[in-house]
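Peer 1: File name run-v2.cif; file contents mmCIF, C-alpha atoms; full text below.
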data_my_file
loop_
_atom_site.label_atom_id
_atom_site.label_comp_id
_atom_site.auth_asym_id
_atom_site.auth_seq_id
_atom_site.Cartn_x
_atom_site.Cartn_y
_atom_site.Cartn_z
CA THR A 5 -20.41 4.00 -19.22
CA GLY A 6 -19.24 0.80 -17.52
CA LYS A 7 -17.89 -0.51 -20.83
CA LEU A 8 -14.17 -1.25 -21.25
CA LEU A 9 -12.94 1.06 -23.98
CA ARG A 10 -9.28 0.16 -24.14
CA SER A 11 -6.58 -1.94 -22.53
CA LEU A 12 -2.86 -1.20 -22.42
CA TYR A 13 -0.06 -3.51 -21.32
CA CYS A 14 2.58 -1.49 -19.46
CA TYR A 15 5.42 -4.04 -18.83
CA ALA A 16 5.47 -3.63 -15.03
CA PRO A 17 2.77 -2.99 -12.43
CA VAL A 18 1.46 0.57 -12.69
CA ARG A 19 1.48 2.37 -9.34
CA CYS A 20 0.44 5.84 -10.46
CA LEU A 21 -0.51 7.78 -13.58
CA THR A 22 -1.47 11.13 -15.00
CA VAL A 23 -2.39 12.54 -18.43
CA CYS A 24 -1.22 15.77 -20.04
CA ASP A 25 -1.80 16.92 -23.63
CA GLY A 26 -2.80 13.46 -24.82
CA ILE A 27 0.21 11.72 -23.24
CA LEU A 28 -0.28 9.14 -20.48
CA TYR A 29 2.58 9.10 -17.94
CA THR A 30 2.82 5.98 -15.77
CA GLY A 31 4.97 5.25 -12.71
CA HIS A 32 5.94 1.62 -12.09
CA SER A 33 7.08 -0.79 -9.42
CA ASP A 34 10.31 -1.35 -11.42
CA CYS A 35 11.41 2.26 -10.69
CA THR A 36 10.61 3.53 -14.19
CA VAL A 37 8.40 6.23 -15.71
CA ARG A 38 6.83 5.53 -19.12
CA ALA A 39 4.97 7.74 -21.58
CA TYR A 40 2.25 6.49 -23.95
CA LYS A 41 0.04 8.22 -26.51
CA ALA A 42 -3.22 8.34 -24.60
CA GLN A 43 -5.36 9.05 -27.66
CA ALA A 44 -4.04 6.35 -30.00
CA PRO A 45 -7.01 4.38 -31.42
CA GLY A 46 -6.97 0.86 -30.03
CA GLY A 47 -3.97 1.70 -27.85
CA SER A 48 -0.32 0.86 -28.20
CA ASP A 49 1.73 -1.32 -25.91
CA SER A 50 4.96 0.41 -26.91
CA PRO A 51 5.86 3.42 -24.79
CA MET A 52 7.02 6.62 -26.47
CA PHE A 53 9.87 6.61 -23.95
CA THR A 54 10.95 5.07 -20.65
CA LEU A 55 12.86 6.95 -17.94
CA ARG A 56 15.27 4.85 -15.88
CA GLY A 57 17.96 5.45 -13.30
CA GLY A 58 16.43 8.26 -11.25
CA HIS A 59 14.61 6.15 -8.68
CA VAL A 60 15.66 3.39 -6.28
CA GLY A 61 12.13 2.57 -5.11
CA GLY A 62 8.90 1.84 -6.93
CA LEU A 63 7.07 5.01 -7.94
CA THR A 64 4.25 6.41 -5.83
CA SER A 65 3.30 9.54 -7.81
CA VAL A 66 3.82 11.26 -11.16
CA GLU A 67 2.93 14.92 -11.74
CA VAL A 68 3.41 16.91 -14.96
CA TYR A 69 4.35 20.60 -15.03
CA LYS A 70 4.80 22.90 -18.02
CA THR A 71 7.62 25.40 -17.53
CA ALA A 72 9.35 27.98 -19.73
CA GLU A 73 12.21 25.46 -20.03
CA GLY A 74 9.88 22.63 -21.10
CA LEU A 75 7.87 19.77 -19.66
CA ARG A 76 8.86 18.52 -16.20
CA LEU A 77 7.84 15.30 -14.50
CA LEU A 78 7.85 15.40 -10.70
CA CYS A 79 7.91 11.86 -9.31
CA THR A 80 8.11 10.32 -5.84
CA ASP A 81 9.12 6.82 -4.79
CA GLU A 82 9.00 4.24 -1.99
CA ALA A 83 12.62 4.91 -0.97
CA GLY A 84 11.75 8.54 -0.09
CA GLY A 85 13.01 9.92 -3.39
CA VAL A 86 11.68 13.07 -5.03
CA VAL A 87 12.88 13.40 -8.62
CA VAL A 88 12.32 16.04 -11.31
CA TRP A 89 12.82 14.85 -14.88
CA ASP A 90 13.28 16.92 -18.03
CA ALA A 91 10.83 15.05 -20.28
CA ALA A 92 12.39 16.25 -23.56
CA GLN A 93 15.99 15.48 -22.56
CA LYS A 94 14.90 12.34 -20.64
CA LYS A 95 17.24 13.10 -17.77
CA VAL A 96 17.08 13.89 -14.07
CA ILE A 97 17.49 17.60 -13.34
CA HIS A 98 16.79 17.53 -9.57
CA SER A 99 16.82 14.73 -7.03
CA CYS A 100 16.51 14.56 -3.24
CA THR A 101 15.69 11.88 -0.69
CA HIS A 102 14.01 11.96 2.72
CA PRO A 103 16.80 11.89 5.35
CA ASP A 104 15.31 8.73 6.94
CA GLY A 105 14.23 7.12 3.65
CA ASP A 106 10.58 7.59 4.60
CA LYS A 107 8.35 6.61 1.67
CA ALA A 108 7.34 9.64 -0.41
CA ARG A 109 3.67 9.67 -1.39
CA ARG A 110 3.34 12.83 -3.48
CA GLY A 111 5.27 15.86 -4.62
CA VAL A 112 3.99 19.29 -5.61
CA TRP A 113 5.96 21.98 -7.36
CA ARG A 114 5.43 25.47 -5.93
CA LYS A 115 6.12 27.63 -9.00
CA GLU A 116 5.95 30.97 -7.20
CA GLU A 117 8.46 29.93 -4.53
CA GLY A 118 10.59 27.75 -6.79
CA THR A 119 10.38 24.87 -4.30
CA ILE A 120 8.94 21.37 -4.10
CA LEU A 121 6.79 19.98 -1.30
CA SER A 122 6.84 16.25 -0.63
CA ALA A 123 4.49 14.26 1.60
CA HIS A 124 5.82 11.15 3.38
CA ASP A 125 4.33 8.15 5.18
CA LYS A 126 5.31 9.00 8.74
CA GLY A 127 3.53 12.35 8.61
CA SER A 128 6.34 14.56 7.42
CA LEU A 129 5.94 17.29 4.82
CA LEU A 130 9.26 18.51 3.44
CA GLU A 131 10.08 21.56 1.36
CA TRP A 132 13.04 21.30 -1.01
#
Can you present the structure in this file as structure tokens?
Peer 2:
Amino acid sequence: TGKLLRSLYCYAPVRCLTVCDGILYTGHSDCTVRAYKAQAPGGSDSPMFTLRGGHVGGLTSVEVYKTAEGLRLLCTDEAGGVVVWDAAQKKVIHSCTHPDGDKARRGVWRKEEGTILSAHDKGSLLEW
């Protein structure tokens, strides 16, 4: 429509985002992941939760996956990190880093194979 519908202050520069089931997940330059209610009228500047400690570089992607064990957030960062978070427990359940620290751009979970693919700046595609 071209009309601003809502504005949300997210504490640190937002580098990436995704939405799942009415929750907005944002990845930030301060190495955090935050979750906001995406459907709250007028918006809310207070996150539902903030995930810290899993990343050493600013985030480059956030993906959400529903599993039998619960909601998982697959995030990548500038230091080459690929991190899987348990959203309910708010803790890291898997973490790996590119051997050369090459910036990770995106991660994809391959459910059938039980692996993760990560794409990196210098042209590498890694399977974990």
Peer 1: Nearest residue to Glu73 in chain A out of A:Pro51, A:Ala92, A:Gly58, A:Gly127, using only C-alpha atoms?
Peer 2: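 For Glu73 in chain A, the nearest of the given residues is A:Ala92.
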Peer 1: Closest to Arg38 in chain A among A:Ala72, A:Arg10, A:Gly105, A:Trp89, using only C-alpha atoms?
Peer 2: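 Residue with the minimum atom-to-atom distance to Arg38 in chain A: A:Trp89.
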Peer 1: One number please: CA of Thr64 in chain A to CA of Arg76 in chain A, in Å, one decimal.
Peer 2: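 Atom-to-atom, CA of Thr64 in chain A and CA of Arg76 in chain A are spaced 16.6 Å apart.
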Peer 1: What does the distance from CA of Leu121 in chain A to CA of Cys14 in chain A come to in Å, to one decimal?
Peer 2: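 We find that CA of Leu121 in chain A and CA of Cys14 in chain A lie 28.4 Å from each other.
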Peer 1: Could you tell me which residues the PyMOL selection byres ((chain A and resi 81) around 9) returns for this structure, as a list in words?
Peer 2: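 In the shown coordinates, the PyMOL selection byres ((chain A and resi 81) around 9) covers Cys35, His59, Val60, Gly61, Gly62, Leu63, Thr64, Ser65, Cys79, Thr80, Glu82, Ala83, Gly84, Gly85, Val86, Val87, Lys107, Ala108, Arg109 and Arg110 of chain A.
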Peer 1: Can you write out the residues you just picked, keeping C-alpha atoms, as a PDB file, in the coordinates of the input?
Peer 2:
ATOM      1  CA  CYS A  35      11.410   2.260 -10.690  1.00  0.00           C
ATOM      2  CA  HIS A  59      14.610   6.150  -8.680  1.00  0.00           C
ATOM      3  CA  VAL A  60      15.660   3.390  -6.280  1.00  0.00           C
ATOM      4  CA  GLY A  61      12.130   2.570  -5.110  1.00  0.00           C
ATOM      5  CA  GLY A  62       8.900   1.840  -6.930  1.00  0.00           C
ATOM      6  CA  LEU A  63       7.070   5.010  -7.940  1.00  0.00           C
ATOM      7  CA  THR A  64       4.250   6.410  -5.830  1.00  0.00           C
ATOM      8  CA  SER A  65       3.300   9.540  -7.810  1.00  0.00           C
ATOM      9  CA  CYS A  79       7.910  11.860  -9.310  1.00  0.00           C
ATOM     10  CA  THR A  80       8.110  10.320  -5.840  1.00  0.00           C
ATOM     11  CA  GLU A  82       9.000   4.240  -1.990  1.00  0.00           C
ATOM     12  CA  ALA A  83      12.620   4.910  -0.970  1.00  0.00           C
ATOM     13  CA  GLY A  84      11.750   8.540  -0.090  1.00  0.00           C
ATOM     14  CA  GLY A  85      13.010   9.920  -3.390  1.00  0.00           C
ATOM     15  CA  VAL A  86      11.680  13.070  -5.030  1.00  0.00           C
ATOM     16  CA  VAL A  87      12.880  13.400  -8.620  1.00  0.00           C
ATOM     17  CA  LYS A 107       8.350   6.610   1.670  1.00  0.00           C
ATOM     18  CA  ALA A 108       7.340   9.640  -0.410  1.00  0.00           C
ATOM     19  CA  ARG A 109       3.670   9.670  -1.390  1.00  0.00           C
ATOM     20  CA  ARG A 110       3.340  12.830  -3.480  1.00  0.00           C
TER      21      ARG A 110
END
Peer 1: Contacts of Asp90 in chain A at 9 Å or less, counting all atoms listed in the file, minus same-chain residues fewer than 3 places along, as a VMD selection string?
Peer 2: chain A and resid 73 to 77 93 to 97
Peer 1: When you draw a straight line from CA of Glu131 in chain A to CA of Pro103 in chain A, how long is it in Å?
Peer 2: 12.4 Å
Peer 1: To test the calculation: enclose all listed atoms of range 97-100 of chain A in a box whose edges run along x, y and z, add 4 Å on each side, then state centre and edge lengths in Å to one decimal, as AutoDock Vina command-line options.
Peer 2:
--center_x 17.0 --center_y 16.1 --center_z -8.3 --size_x 9.0 --size_y 11.0 --size_z 18.1
Peer 1: Measuring between all atoms listed in the file, which one of A:Arg19, A:Thr54, A:Trp132, A:Ser99 shows the shortest distance to Glu117 in chain A?
Peer 2: A:Trp132
Peer 1: For each of A:Ser50, A:Thr36, A:Leu78, A:Gly111, take the minimum atom-to-atom distance to His98 in chain A, counting all atoms listed in the file, then give the residue where this is smallest.
Peer 2: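 Of the candidates, the smallest distance to His98 in chain A is held by A:Leu78.
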Peer 1: Counting only C-alpha atoms, which residues sit no farther than 10 Å from the position (-2.0, 9.2, -18.5) in the file's frame? I'd like them as a tab-separated table (two decimals) with C-alpha atoms, keeping the file's coordinate frame.
Peer 2:
chain	number	residue	atom	x	y	z
A	20	CYS	CA	0.44	5.84	-10.46
A	21	LEU	CA	-0.51	7.78	-13.58
A	22	THR	CA	-1.47	11.13	-15.00
A	23	VAL	CA	-2.39	12.54	-18.43
A	24	CYS	CA	-1.22	15.77	-20.04
A	25	ASP	CA	-1.80	16.92	-23.63
A	26	GLY	CA	-2.80	13.46	-24.82
A	27	ILE	CA	0.21	11.72	-23.24
A	28	LEU	CA	-0.28	9.14	-20.48
A	29	TYR	CA	2.58	9.10	-17.94
A	30	THR	CA	2.82	5.98	-15.77
A	31	GLY	CA	4.97	5.25	-12.71
A	38	ARG	CA	6.83	5.53	-19.12
A	39	ALA	CA	4.97	7.74	-21.58
A	40	TYR	CA	2.25	6.49	-23.95
A	41	LYS	CA	0.04	8.22	-26.51
A	42	ALA	CA	-3.22	8.34	-24.60
A	43	GLN	CA	-5.36	9.05	-27.66
A	66	VAL	CA	3.82	11.26	-11.16
Peer 1: Would you kindly translate the PyMOL selection byres ((chain A and resi 17) around 6) into the concrete residues it picks from this file, as an NGL selection string?
Peer 2: :A and (16 or 18 or 32-33)
Peer 1: With distances taken over all atoms listed in the file, which residue among A:Tyr13, A:Gly57, A:Lys7, A:Ala91 lies nearest Lys70 in chain A?
Peer 2: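 Of all the options, A:Ala91 lies closest to Lys70 in chain A.
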Peer 1: Restricting the calculation to all atoms listed in the file, which member of A:Leu55, A:Asp49, A:Tyr69, A:Ser128 is positioned closest to Asp104 in chain A?
Peer 2: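 Distance minimum relative to Asp104 in chain A lands on A:Ser128.
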